[in-house]
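Heads up, coords31.tsv below (TSV, C-alpha atoms):
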```
chain	number	residue	atom	x	y	z
A	104	MET	CA	114.50	-71.27	-115.82
A	105	SER	CA	115.31	-67.95	-114.34
A	106	PHE	CA	115.03	-67.14	-110.66
A	107	ILE	CA	111.95	-64.99	-111.27
A	108	GLU	CA	110.08	-67.87	-112.85
A	109	THR	CA	111.02	-70.49	-110.29
A	110	GLN	CA	110.54	-68.30	-107.21
A	111	PRO	CA	107.88	-65.71	-108.06
A	112	LEU	CA	107.02	-65.08	-104.41
A	113	LEU	CA	110.62	-64.46	-103.39
A	114	ALA	CA	111.22	-62.29	-106.43
A	115	ALA	CA	108.21	-60.15	-105.58
A	116	LEU	CA	109.30	-59.84	-101.97
A	117	ILE	CA	112.83	-58.88	-102.91
A	118	ALA	CA	111.65	-56.37	-105.50
A	119	LEU	CA	109.29	-54.65	-103.09
A	120	LEU	CA	111.83	-54.72	-100.28
A	121	GLY	CA	114.40	-53.24	-102.62
A	122	LEU	CA	112.01	-50.57	-103.75
A	123	GLY	CA	111.11	-49.76	-100.16
A	124	ALA	CA	114.72	-49.71	-99.05
A	125	THR	CA	115.74	-47.43	-101.93
A	126	PHE	CA	112.93	-45.01	-101.21
A	127	GLY	CA	113.72	-45.15	-97.51
A	128	ALA	CA	117.33	-44.33	-98.24
A	129	ILE	CA	116.32	-41.40	-100.46
A	130	LEU	CA	114.02	-40.02	-97.77
A	131	GLY	CA	116.61	-40.57	-95.06
A	132	PHE	CA	119.19	-38.74	-97.09
A	133	ALA	CA	116.74	-35.94	-97.86
A	134	SER	CA	115.77	-35.50	-94.24
A	135	ILE	CA	119.42	-34.89	-93.37
A	136	ARG	CA	120.27	-32.89	-96.47
A	137	PHE	CA	117.18	-30.66	-96.25
A	138	ARG	CA	116.94	-30.31	-92.50
A	139	THR	CA	115.43	-27.06	-91.28
A	140	GLU	CA	116.13	-25.59	-87.89
A	141	GLY	CA	113.17	-25.06	-85.60
A	142	ASN	CA	109.62	-24.69	-86.70
A	143	PRO	CA	109.16	-21.52	-88.80
A	144	LEU	CA	105.38	-21.65	-88.45
A	145	ALA	CA	105.51	-21.89	-84.64
A	146	ASP	CA	107.86	-18.90	-84.57
A	147	GLN	CA	105.46	-16.84	-86.66
A	148	ILE	CA	102.57	-17.79	-84.39
A	149	ASN	CA	104.65	-16.98	-81.32
A	150	GLN	CA	105.23	-13.48	-82.65
A	151	ILE	CA	101.48	-12.89	-82.84
A	152	LEU	CA	100.78	-14.16	-79.33
A	153	PRO	CA	100.87	-11.44	-76.64
A	154	GLN	CA	103.81	-12.92	-74.67
A	155	THR	CA	102.08	-12.55	-71.33
A	156	GLN	CA	103.24	-16.09	-70.45
A	157	CYS	CA	100.08	-16.32	-68.34
A	158	GLY	CA	99.28	-19.97	-69.03
A	159	GLN	CA	95.54	-19.39	-69.37
A	160	CYS	CA	95.58	-21.40	-72.58
A	161	GLY	CA	96.61	-24.49	-70.60
A	162	TYR	CA	100.20	-24.46	-71.80
A	163	PRO	CA	103.14	-23.23	-69.70
A	164	GLY	CA	103.74	-20.20	-71.89
A	165	CYS	CA	103.22	-18.54	-75.23
A	166	LYS	CA	105.89	-20.51	-77.08
A	167	PRO	CA	104.48	-23.94	-76.13
A	168	TYR	CA	101.02	-22.74	-77.16
A	169	ALA	CA	102.44	-21.51	-80.47
A	170	THR	CA	103.92	-24.96	-81.08
A	171	ALA	CA	100.58	-26.53	-80.19
A	172	ILE	CA	98.75	-24.27	-82.63
A	173	ALA	CA	101.25	-25.17	-85.33
A	174	ASP	CA	100.36	-28.81	-84.59
A	175	GLY	CA	96.66	-28.06	-84.96
A	176	ASP	CA	95.34	-26.83	-81.61
A	177	ALA	CA	92.48	-24.32	-81.52
A	178	ILE	CA	93.45	-20.67	-81.95
A	179	ASN	CA	90.92	-19.23	-79.50
A	180	LYS	CA	92.53	-20.04	-76.16
A	181	CYS	CA	94.36	-16.78	-75.54
A	182	PRO	CA	92.33	-14.33	-73.41
A	183	PRO	CA	95.04	-11.64	-73.10
A	184	GLY	CA	95.39	-11.46	-76.87
A	185	GLY	CA	91.63	-11.28	-77.36
A	186	GLN	CA	89.81	-11.16	-80.65
A	187	GLU	CA	92.59	-9.21	-82.32
A	188	THR	CA	95.08	-12.05	-81.82
A	189	ILE	CA	92.56	-14.68	-82.92
A	190	ASP	CA	91.90	-12.75	-86.12
A	191	ALA	CA	95.60	-12.37	-86.81
A	192	LEU	CA	96.14	-16.11	-86.23
A	193	ALA	CA	93.19	-17.01	-88.45
A	194	ASP	CA	94.68	-14.83	-91.16
A	195	LEU	CA	98.11	-16.40	-90.84
A	196	LEU	CA	96.87	-19.98	-90.74
A	197	ASP	CA	94.17	-19.43	-93.34
A	198	VAL	CA	91.38	-20.77	-91.14
A	199	GLU	CA	88.02	-19.39	-90.09
A	200	SER	CA	88.24	-16.85	-87.31
A	201	MET	CA	86.35	-17.76	-84.14
A	202	THR	CA	85.39	-16.19	-80.86
A	203	LEU	CA	87.35	-16.56	-77.65
A	204	ASP	CA	86.87	-19.88	-75.85
A	205	ALA	CA	85.19	-18.81	-72.58
A	206	GLU	CA	86.63	-21.85	-70.81
A	207	HIS	CA	90.06	-20.21	-70.80
A	208	GLY	CA	88.93	-16.81	-69.49
A	209	GLU	CA	87.54	-13.66	-70.94
A	210	GLU	CA	89.12	-10.71	-72.62
A	211	LYS	CA	89.97	-8.00	-70.08
A	212	ALA	CA	91.47	-4.56	-70.28
A	213	PRO	CA	95.26	-4.68	-69.92
A	214	LYS	CA	96.20	-4.73	-66.26
A	215	VAL	CA	99.31	-4.35	-64.19
A	216	ALA	CA	100.13	-5.94	-60.83
A	217	TYR	CA	100.60	-3.64	-57.84
A	218	ILE	CA	102.04	-4.80	-54.52
A	219	ARG	CA	100.79	-2.98	-51.41
A	220	GLU	CA	104.27	-2.67	-50.07
A	221	GLU	CA	103.47	-2.08	-46.38
A	222	GLU	CA	101.66	-5.44	-46.29
A	223	CYS	CA	104.33	-7.45	-48.11
A	224	ILE	CA	106.16	-9.89	-45.83
A	225	GLY	CA	108.94	-10.66	-48.28
A	226	CYS	CA	108.19	-14.34	-48.90
A	227	THR	CA	109.48	-14.29	-52.53
A	228	LYS	CA	106.62	-16.56	-53.63
A	229	CYS	CA	105.35	-14.08	-56.21
A	230	ILE	CA	108.87	-13.69	-57.60
A	231	GLN	CA	108.98	-17.39	-58.34
A	232	ALA	CA	105.54	-17.29	-59.93
A	233	CYS	CA	106.26	-14.36	-62.27
A	234	PRO	CA	106.86	-15.69	-65.79
A	235	VAL	CA	108.59	-12.53	-67.01
A	236	ASP	CA	110.72	-11.65	-63.94
A	237	ALA	CA	108.91	-8.39	-63.42
A	238	ILE	CA	108.98	-8.54	-59.59
A	239	LEU	CA	111.97	-7.28	-57.65
A	240	GLY	CA	112.80	-8.09	-54.06
A	241	ALA	CA	114.62	-10.43	-51.71
A	242	ALA	CA	113.71	-12.72	-48.81
A	243	LYS	CA	112.25	-10.82	-45.80
A	244	LEU	CA	112.40	-7.59	-47.78
A	245	MET	CA	109.39	-6.07	-49.44
A	246	HIS	CA	108.88	-6.68	-53.18
A	247	THR	CA	107.72	-4.43	-55.92
A	248	VAL	CA	106.56	-4.76	-59.51
A	249	ILE	CA	108.34	-3.21	-62.46
A	250	ALA	CA	105.20	-1.90	-64.12
A	251	ASP	CA	106.75	-1.70	-67.59
A	252	GLU	CA	107.71	-5.36	-67.53
A	253	CYS	CA	104.48	-6.67	-66.02
A	254	THR	CA	102.21	-8.42	-68.52
A	255	GLY	CA	99.18	-8.49	-66.20
A	256	CYS	CA	98.94	-12.28	-66.21
A	257	ASP	CA	97.50	-12.69	-62.65
A	258	LEU	CA	99.89	-15.54	-61.86
A	259	CYS	CA	101.34	-13.77	-58.80
A	260	LEU	CA	97.95	-13.39	-57.10
A	261	ASP	CA	97.45	-17.00	-56.03
A	262	PRO	CA	100.83	-17.68	-54.39
A	263	CYS	CA	100.74	-14.50	-52.24
A	264	PRO	CA	100.03	-15.65	-48.65
A	265	VAL	CA	98.89	-12.22	-47.46
A	266	ASP	CA	96.95	-11.18	-50.57
A	267	CYS	CA	98.77	-7.89	-50.90
A	268	ILE	CA	98.78	-7.82	-54.71
A	269	ASP	CA	96.16	-5.89	-56.65
A	270	MET	CA	95.57	-5.95	-60.39
A	271	ILE	CA	94.95	-2.40	-61.43
A	272	GLU	CA	93.97	-1.28	-64.87
A	273	ARG	CA	96.79	-0.01	-67.02
A	274	LYS	CA	95.89	3.63	-67.47
A	275	THR	CA	96.19	5.42	-70.73
A	276	GLY	CA	96.21	9.18	-70.99
A	277	ILE	CA	98.51	12.14	-70.78
A	278	GLN	CA	99.92	11.19	-67.35
A	279	HIS	CA	100.76	7.64	-68.32
A	280	TRP	CA	101.54	7.96	-71.97
A	281	ARG	CA	104.76	6.47	-73.12
A	282	TRP	CA	106.52	5.83	-76.35
A	283	GLU	CA	105.69	2.75	-78.33
A	284	LEU	CA	108.27	0.13	-77.58
A	285	PRO	CA	110.84	-0.43	-80.31
A	286	SER	CA	110.02	-3.30	-82.62
A	287	ASP	CA	113.36	-5.02	-82.00
A	288	ASN	CA	112.15	-6.95	-79.03
A	289	LEU	CA	114.57	-7.20	-76.17
A	290	ILE	CA	112.17	-8.18	-73.44
A	291	ALA	CA	109.41	-10.71	-73.36
A	292	SER	CA	106.57	-8.23	-72.83
A	293	ASP	CA	107.45	-6.50	-76.05
A	294	ARG	CA	105.26	-7.55	-78.95
A	295	ALA	CA	107.20	-7.98	-82.13
A	296	ALA	CA	104.09	-7.12	-84.08
A	297	ALA	CA	103.86	-3.65	-82.48
B	35	MET	CA	101.41	-35.66	-133.18
B	36	LEU	CA	100.79	-32.26	-131.62
B	37	ALA	CA	97.07	-32.53	-132.32
B	38	GLU	CA	97.05	-35.89	-130.59
B	39	TYR	CA	98.62	-34.39	-127.47
B	40	ALA	CA	96.22	-31.44	-127.54
B	41	LEU	CA	93.28	-33.82	-127.77
B	42	LEU	CA	94.65	-35.86	-124.88
B	43	LEU	CA	94.98	-32.73	-122.76
B	44	VAL	CA	91.50	-31.39	-123.55
B	45	GLY	CA	90.11	-34.88	-123.09
B	46	THR	CA	91.56	-35.22	-119.58
B	47	VAL	CA	90.76	-31.69	-118.46
B	48	LEU	CA	87.17	-31.46	-119.65
B	49	VAL	CA	85.71	-34.65	-121.07
B	50	ASN	CA	87.13	-37.18	-118.64
B	51	ASN	CA	87.51	-34.74	-115.79
B	52	PHE	CA	88.86	-36.71	-112.86
B	53	VAL	CA	86.61	-35.21	-110.24
B	54	LEU	CA	83.29	-34.60	-111.89
B	55	VAL	CA	83.22	-37.35	-114.51
B	56	GLN	CA	85.40	-40.13	-113.09
B	57	PHE	CA	84.66	-39.27	-109.44
B	58	LEU	CA	88.25	-39.56	-108.24
B	59	GLY	CA	89.74	-37.29	-105.58
B	60	LEU	CA	86.39	-36.37	-104.13
B	61	CYS	CA	87.57	-35.91	-100.54
B	62	PRO	CA	89.92	-32.96	-101.19
B	63	PHE	CA	87.28	-31.68	-103.62
B	64	MET	CA	84.70	-31.46	-100.84
B	65	GLY	CA	87.17	-30.86	-98.02
B	66	VAL	CA	89.26	-27.92	-99.19
B	67	SER	CA	86.76	-26.10	-101.37
B	68	ASN	CA	85.40	-23.90	-98.58
B	69	LYS	CA	87.69	-21.00	-99.38
B	70	LEU	CA	89.03	-19.86	-102.71
B	71	GLU	CA	92.54	-19.24	-101.34
B	72	THR	CA	92.96	-22.72	-99.89
B	73	ALA	CA	91.56	-24.20	-103.08
B	74	ILE	CA	94.22	-22.43	-105.11
B	75	GLY	CA	96.94	-23.67	-102.74
B	76	MET	CA	95.64	-27.21	-102.96
B	77	SER	CA	95.40	-26.99	-106.75
B	78	ALA	CA	98.99	-25.85	-107.10
B	79	ALA	CA	100.26	-28.61	-104.81
B	80	THR	CA	98.21	-31.27	-106.57
B	81	THR	CA	99.33	-30.16	-110.03
B	82	PHE	CA	102.93	-30.44	-108.97
B	83	VAL	CA	102.60	-33.82	-107.30
B	84	LEU	CA	100.32	-35.39	-109.91
B	85	THR	CA	102.65	-34.55	-112.77
B	86	LEU	CA	105.71	-35.75	-110.89
B	87	ALA	CA	104.02	-38.88	-109.55
B	88	SER	CA	102.68	-39.97	-112.92
B	89	ALA	CA	106.19	-39.67	-114.39
B	90	CYS	CA	107.81	-41.54	-111.49
B	91	SER	CA	105.24	-44.32	-111.44
B	92	TYR	CA	105.60	-44.76	-115.19
B	93	LEU	CA	109.36	-45.12	-114.77
B	94	THR	CA	108.96	-47.58	-111.90
B	95	TYR	CA	106.55	-49.64	-113.95
B	96	THR	CA	108.59	-49.70	-117.15
B	97	TRP	CA	112.04	-50.16	-115.65
B	98	LEU	CA	111.32	-52.28	-112.61
B	99	LEU	CA	108.00	-54.10	-112.72
B	100	VAL	CA	107.86	-55.07	-116.38
B	101	PRO	CA	111.42	-56.49	-116.60
B	102	LEU	CA	110.86	-58.46	-113.38
B	103	ASP	CA	107.46	-59.65	-114.58
B	104	LEU	CA	105.83	-58.24	-111.44
B	105	THR	CA	103.18	-56.06	-113.04
B	106	TYR	CA	100.59	-57.38	-110.57
B	107	LEU	CA	102.43	-55.39	-107.87
B	108	ARG	CA	101.73	-52.09	-109.60
B	109	THR	CA	99.14	-50.76	-107.13
B	110	ILE	CA	101.27	-51.25	-104.05
B	111	SER	CA	104.40	-49.98	-105.80
B	112	PHE	CA	102.60	-46.87	-106.98
B	113	ILE	CA	101.39	-46.16	-103.45
B	114	LEU	CA	105.02	-46.34	-102.35
B	115	VAL	CA	106.17	-44.09	-105.17
B	116	ILE	CA	103.48	-41.49	-104.51
B	117	ALA	CA	104.18	-41.40	-100.78
B	118	VAL	CA	107.88	-40.93	-101.40
B	119	VAL	CA	107.38	-38.26	-104.06
B	120	VAL	CA	105.08	-36.29	-101.77
B	121	GLN	CA	107.36	-36.58	-98.76
B	122	PHE	CA	110.46	-35.72	-100.74
B	123	THR	CA	108.77	-32.72	-102.36
B	124	GLU	CA	107.68	-31.49	-98.96
B	125	MET	CA	111.21	-31.64	-97.59
B	126	VAL	CA	112.74	-29.89	-100.58
B	127	VAL	CA	110.09	-27.17	-100.64
B	128	ARG	CA	110.42	-26.56	-96.91
B	129	LYS	CA	114.14	-26.09	-97.24
B	130	SER	CA	114.33	-24.18	-100.49
B	131	SER	CA	111.25	-21.97	-100.35
B	132	PRO	CA	109.58	-21.33	-96.98
B	133	LEU	CA	107.10	-19.04	-98.73
B	134	LEU	CA	105.93	-21.76	-101.11
B	135	HIS	CA	105.89	-24.13	-98.17
B	136	ARG	CA	103.50	-21.83	-96.36
B	137	VAL	CA	101.15	-21.90	-99.34
B	138	LEU	CA	101.41	-25.62	-100.11
B	139	GLY	CA	102.69	-27.03	-96.82
B	140	VAL	CA	99.53	-28.27	-95.17
B	141	TYR	CA	98.13	-29.65	-98.43
B	142	LEU	CA	101.13	-31.69	-99.50
B	143	PRO	CA	100.65	-34.58	-97.04
B	144	LEU	CA	96.93	-34.59	-97.86
B	145	ILE	CA	97.74	-35.41	-101.47
B	146	THR	CA	99.31	-38.73	-100.47
B	147	THR	CA	95.81	-40.03	-99.89
B	148	ASN	CA	94.28	-38.36	-102.92
B	149	CYS	CA	92.95	-41.25	-104.97
B	150	ALA	CA	93.19	-39.19	-108.16
B	151	VAL	CA	96.98	-39.48	-107.96
B	152	LEU	CA	96.88	-43.27	-107.76
B	153	GLY	CA	94.09	-43.30	-110.34
B	154	VAL	CA	96.20	-41.40	-112.87
B	155	ALA	CA	99.17	-43.70	-112.34
B	156	LEU	CA	97.06	-46.82	-112.86
B	157	LEU	CA	95.11	-45.44	-115.81
B	158	ASN	CA	98.40	-44.56	-117.51
B	159	ILE	CA	99.29	-48.24	-117.43
B	160	ASN	CA	95.83	-49.41	-118.48
B	161	LYS	CA	95.80	-47.06	-121.45
B	162	ALA	CA	99.39	-48.04	-122.38
B	163	HIS	CA	100.58	-44.44	-122.53
B	164	SER	CA	104.13	-43.54	-123.49
B	165	PHE	CA	106.29	-41.52	-121.09
B	166	SER	CA	105.39	-38.13	-122.56
B	167	GLN	CA	101.74	-39.16	-122.77
B	168	SER	CA	101.80	-40.19	-119.12
B	169	LEU	CA	103.31	-36.87	-118.15
B	170	LEU	CA	100.67	-34.99	-120.13
B	171	TYR	CA	97.89	-37.18	-118.79
B	172	GLY	CA	99.00	-36.47	-115.23
B	173	PHE	CA	99.30	-32.78	-115.93
B	174	GLY	CA	95.91	-32.68	-117.65
B	175	ALA	CA	94.28	-34.52	-114.77
B	176	ALA	CA	95.80	-32.01	-112.37
B	177	ILE	CA	94.62	-29.05	-114.43
B	178	GLY	CA	91.14	-30.53	-114.58
B	179	PHE	CA	91.21	-31.06	-110.82
B	180	SER	CA	92.41	-27.49	-110.23
B	181	LEU	CA	89.81	-26.02	-112.59
B	182	VAL	CA	86.96	-27.83	-110.88
B	183	LEU	CA	88.28	-27.14	-107.38
B	184	VAL	CA	88.68	-23.41	-107.99
B	185	LEU	CA	85.30	-23.11	-109.73
B	186	PHE	CA	83.59	-25.06	-107.00
B	187	SER	CA	85.23	-23.16	-104.13
B	188	ALA	CA	84.16	-19.86	-105.66
B	189	MET	CA	80.67	-21.28	-105.85
B	190	ARG	CA	80.76	-22.43	-102.23
B	191	GLU	CA	81.89	-19.01	-101.05
B	192	ARG	CA	78.69	-17.70	-102.55
B	193	LEU	CA	76.66	-20.56	-101.13
B	194	ALA	CA	77.96	-19.69	-97.67
B	195	VAL	CA	76.14	-16.37	-97.76
B	196	ALA	CA	73.13	-17.59	-99.73
B	197	ASP	CA	69.74	-18.09	-98.11
B	198	VAL	CA	69.74	-21.89	-98.06
B	199	PRO	CA	66.78	-23.77	-96.49
B	200	GLN	CA	67.85	-25.21	-93.16
B	201	PRO	CA	67.85	-28.93	-94.06
B	202	PHE	CA	70.21	-28.21	-96.96
B	203	GLN	CA	72.70	-26.03	-95.15
B	204	GLY	CA	76.40	-26.83	-94.99
B	205	ALA	CA	77.68	-30.03	-96.58
B	206	ALA	CA	74.28	-30.99	-98.03
B	207	ILE	CA	74.06	-28.05	-100.41
B	208	GLY	CA	77.73	-28.62	-101.26
B	209	MET	CA	76.94	-32.17	-102.36
B	210	ILE	CA	73.96	-31.03	-104.39
B	211	ALA	CA	76.04	-28.33	-106.06
B	212	ALA	CA	78.75	-30.90	-106.83
B	213	GLY	CA	76.14	-33.14	-108.42
B	214	LEU	CA	74.86	-30.31	-110.58
B	215	ALA	CA	78.42	-29.38	-111.59
B	216	SER	CA	78.97	-33.01	-112.53
B	217	LEU	CA	75.83	-32.95	-114.69
B	218	ALA	CA	77.12	-29.80	-116.37
B	219	PHE	CA	80.43	-31.47	-117.15
B	220	MET	CA	78.62	-34.31	-118.88
B	221	GLY	CA	77.85	-31.73	-121.54
B	222	PHE	CA	81.49	-32.03	-122.63
B	223	ALA	CA	81.04	-35.72	-123.43
B	224	GLY	CA	80.91	-35.31	-127.21
B	225	LEU	CA	83.77	-32.82	-127.42
B	226	VAL	CA	86.62	-35.16	-128.28
```
Could you express the structure from this file as structure tokens?
Amino acid sequence: MSFIETQPLLAALIALLGLGATFGAILGFASIRFRTEGNPLADQINQILPQTQCGQCGYPGCKPYATAIADGDAINKCPPGGQETIDALADLLDVESMTLDAEHGEEKAPKVAYIREEECIGCTKCIQACPVDAILGAAKLMHTVIADECTGCDLCLDPCPVDCIDMIERKTGIQHWRWELPSDNLIASDRAAA
Amino acid sequence: MLAEYALLLVGTVLVNNFVLVQFLGLCPFMGVSNKLETAIGMSAATTFVLTLASACSYLTYTWLLVPLDLTYLRTISFILVIAVVVQFTEMVVRKSSPLLHRVLGVYLPLITTNCAVLGVALLNINKAHSFSQSLLYGFGAAIGFSLVLVLFSAMRERLAVADVPQPFQGAAIGMIAAGLASLAFMGFAGLV
């Protein structure tokens, strides 16, 4: 009498365990052998997002939102990007395009922060709030915004104790025209897609 | 010999079509047939996995379960085999071809739960197919699945813009269309 005939239950258990262990080993080996760095999909999504780092989507910045989209979050939570970004995301992810989720804000014309410098008391609170380091200044000295770096995210408005920051519309026209930024992005406000 | 294989292939693709005649793999059939592009991606992924899984499950059955006299464990072993094949394929594709991974990526894990894959593996055993027959049967099933999925998704793209009465809109008209397509495929019954 062979072992299989005398102990059918044990034989079945051992066979299945062996099968499972072998497959587990193969997968474990494969996961090390075929490891990929980062999440290529999240990187592609991040390139489409406007990099305002405004947090209106509910995530701390564009990169975390990109990761969330890659994991299946809705694509319509980015007001600064507007419909254009949603369409680009829908195209990339091969899903139906949708309209902007009003809960997260509405699409506005691009804006830039402006500090009324005579009113600024130099508290540095807006500097800490700025996600892209576009505000210059030091304690007890007035601050100012580097307009080219500002993404118009509104995050500096709330912390300001004296309400000396205005959001003014980014003007286009002969006076304010500037070259398109180079596509090699060096700063966060620079869209790679541009 | 060759004629036998050709008959087997035609038989699996058209006469015993897995989706419309045997009613296996209906969830991806209804779920991913909204857009033609996704349907093509799903078809390619399924073809790949089905062929590979039917070969692997045949090998597991012949070289492990039969010698150990454990053929009653075939269903659970095949589930294991399919899950591993899908997972392994996903890892290899992600590493070796990010482009292909973008096309197939989201569909690969879905295939683990595609009952057509398990169905093919079990039917191979029931019909006592040889290794090459199993491979061909798996491939034929996948081609049949792809054919139906692509045809049906093209149809649903048209249905999306058609003037459908309100009670039938959405999934309801999809189900009705699937039923009609199934009726049409019954016309192949006498072919082989």
Rows by chain and residue number, chain A within 8 Å of chain B, shortest pair, all atoms listed in the file, as CSV:
```
residue,atom,partner,partner_atom,distance
A:Ile107,CA,B:Leu102,CA,6.9
A:Ala114,CA,B:Leu102,CA,7.9
A:Ala115,CA,B:Leu104,CA,6.6
A:Leu119,CA,B:Ser111,CA,7.3
A:Leu122,CA,B:Ser111,CA,7.9
A:Gly123,CA,B:Leu114,CA,7.3
A:Phe126,CA,B:Val118,CA,6.5
A:Leu130,CA,B:Phe122,CA,6.3
A:Ala133,CA,B:Phe122,CA,6.9
A:Ser134,CA,B:Met125,CA,6.8
A:Phe137,CA,B:Lys129,CA,5.6
A:Arg138,CA,B:Lys129,CA,6.9
A:Thr139,CA,B:Lys129,CA,6.2
A:Asp197,CA,B:Thr72,CA,7.4
```
### Message
Can you pull out the residues contacting Thr81 in chain B? Cut-off 10 Å, using all atoms listed in the file, and skip same-chain residues under 5 positions away; I want them as a PyMOL selection string.
### Response
chain B and resi 76+86-87+151+172-180
### Message
Can you pull out the residues contacting Ile210 in chain B? Cut-off 12 Å, using all atoms listed in the file, and skip same-chain residues under 6 positions away; I want them as a list in words.
### Response
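Near Ile210 in chain B, the qualifying residues are Met64, Phe186, Met189, Arg190, Leu193, Val198, Phe202, Gln203, Gly204, Ser216 and Leu217 of chain B.
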### Task
Show which residues sit within 8 Å of Ala241 in chain A, as a list of chain:residue names. Count all atoms listed in the file, and ignore same-chain residues fewer than 3 positions away.
A:Gly225, A:Thr227, A:Leu244, A:Met245, A:His246
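In this structure, CA of Leu152 in chain B sits 20.2 Å away from CA of Gly75 in chain B.
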### Task
One decimal, Å: what's the distance from CA of Ala118 in chain A over to CA of Val100 in chain B, could you say?
11.6 Å
### Task
Give the answer as one residue: which of A:Phe106, A:Leu120, A:Gly255, A:Thr170 has the shortest atom-to-atom distance to Gln147 in chain A, using all atoms listed in the file?
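Closest residue, counting all atoms listed in the file: A:Thr170.
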How would range 202-218 of chain B look with N, CA and C atoms restored, written as a PDB file, in the coordinates of the input?
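As written to disk, part-v1.pdb reads:
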```
ATOM      1  N   PHE B 202      69.184 -28.090 -95.917  1.00  0.00           N
ATOM      2  CA  PHE B 202      70.210 -28.210 -96.960  1.00  0.00           C
ATOM      3  C   PHE B 202      71.491 -27.482 -96.619  1.00  0.00           C
ATOM      4  N   GLN B 203      71.529 -26.849 -95.441  1.00  0.00           N
ATOM      5  CA  GLN B 203      72.700 -26.030 -95.150  1.00  0.00           C
ATOM      6  C   GLN B 203      73.958 -26.860 -94.988  1.00  0.00           C
ATOM      7  N   GLY B 204      75.101 -26.200 -95.219  1.00  0.00           N
ATOM      8  CA  GLY B 204      76.400 -26.830 -94.990  1.00  0.00           C
ATOM      9  C   GLY B 204      76.763 -27.827 -96.066  1.00  0.00           C
ATOM     10  N   ALA B 205      77.167 -29.041 -95.640  1.00  0.00           N
ATOM     11  CA  ALA B 205      77.680 -30.030 -96.580  1.00  0.00           C
ATOM     12  C   ALA B 205      76.613 -30.465 -97.587  1.00  0.00           C
ATOM     13  N   ALA B 206      75.327 -30.475 -97.143  1.00  0.00           N
ATOM     14  CA  ALA B 206      74.280 -30.990 -98.030  1.00  0.00           C
ATOM     15  C   ALA B 206      74.195 -30.183 -99.319  1.00  0.00           C
ATOM     16  N   ILE B 207      74.165 -28.865 -99.194  1.00  0.00           N
ATOM     17  CA  ILE B 207      74.060 -28.050-100.410  1.00  0.00           C
ATOM     18  C   ILE B 207      75.333 -28.171-101.242  1.00  0.00           C
ATOM     19  N   GLY B 208      76.469 -28.398-100.548  1.00  0.00           N
ATOM     20  CA  GLY B 208      77.730 -28.620-101.260  1.00  0.00           C
ATOM     21  C   GLY B 208      77.644 -29.843-102.147  1.00  0.00           C
ATOM     22  N   MET B 209      77.091 -30.928-101.602  1.00  0.00           N
ATOM     23  CA  MET B 209      76.940 -32.170-102.360  1.00  0.00           C
ATOM     24  C   MET B 209      76.018 -31.965-103.554  1.00  0.00           C
ATOM     25  N   ILE B 210      74.923 -31.263-103.299  1.00  0.00           N
ATOM     26  CA  ILE B 210      73.960 -31.030-104.390  1.00  0.00           C
ATOM     27  C   ILE B 210      74.622 -30.205-105.495  1.00  0.00           C
ATOM     28  N   ALA B 211      75.361 -29.168-105.074  1.00  0.00           N
ATOM     29  CA  ALA B 211      76.040 -28.330-106.060  1.00  0.00           C
ATOM     30  C   ALA B 211      77.059 -29.142-106.847  1.00  0.00           C
ATOM     31  N   ALA B 212      77.767 -30.050-106.136  1.00  0.00           N
ATOM     32  CA  ALA B 212      78.750 -30.900-106.830  1.00  0.00           C
ATOM     33  C   ALA B 212      78.056 -31.778-107.853  1.00  0.00           C
ATOM     34  N   GLY B 213      76.903 -32.313-107.487  1.00  0.00           N
ATOM     35  CA  GLY B 213      76.140 -33.140-108.420  1.00  0.00           C
ATOM     36  C   GLY B 213      75.728 -32.372-109.655  1.00  0.00           C
ATOM     37  N   LEU B 214      75.280 -31.134-109.433  1.00  0.00           N
ATOM     38  CA  LEU B 214      74.860 -30.310-110.580  1.00  0.00           C
ATOM     39  C   LEU B 214      76.054 -29.979-111.468  1.00  0.00           C
ATOM     40  N   ALA B 215      77.213 -29.677-110.812  1.00  0.00           N
ATOM     41  CA  ALA B 215      78.420 -29.380-111.590  1.00  0.00           C
ATOM     42  C   ALA B 215      78.807 -30.594-112.423  1.00  0.00           C
ATOM     43  N   SER B 216      78.648 -31.784-111.817  1.00  0.00           N
ATOM     44  CA  SER B 216      78.970 -33.010-112.530  1.00  0.00           C
ATOM     45  C   SER B 216      78.065 -33.188-113.748  1.00  0.00           C
ATOM     46  N   LEU B 217      76.768 -32.894-113.560  1.00  0.00           N
ATOM     47  CA  LEU B 217      75.830 -32.950-114.690  1.00  0.00           C
ATOM     48  C   LEU B 217      76.272 -32.002-115.795  1.00  0.00           C
ATOM     49  N   ALA B 218      76.688 -30.788-115.382  1.00  0.00           N
ATOM     50  CA  ALA B 218      77.120 -29.800-116.370  1.00  0.00           C
ATOM     51  C   ALA B 218      78.320 -30.309-117.154  1.00  0.00           C
TER      52      ALA B 218
END
```
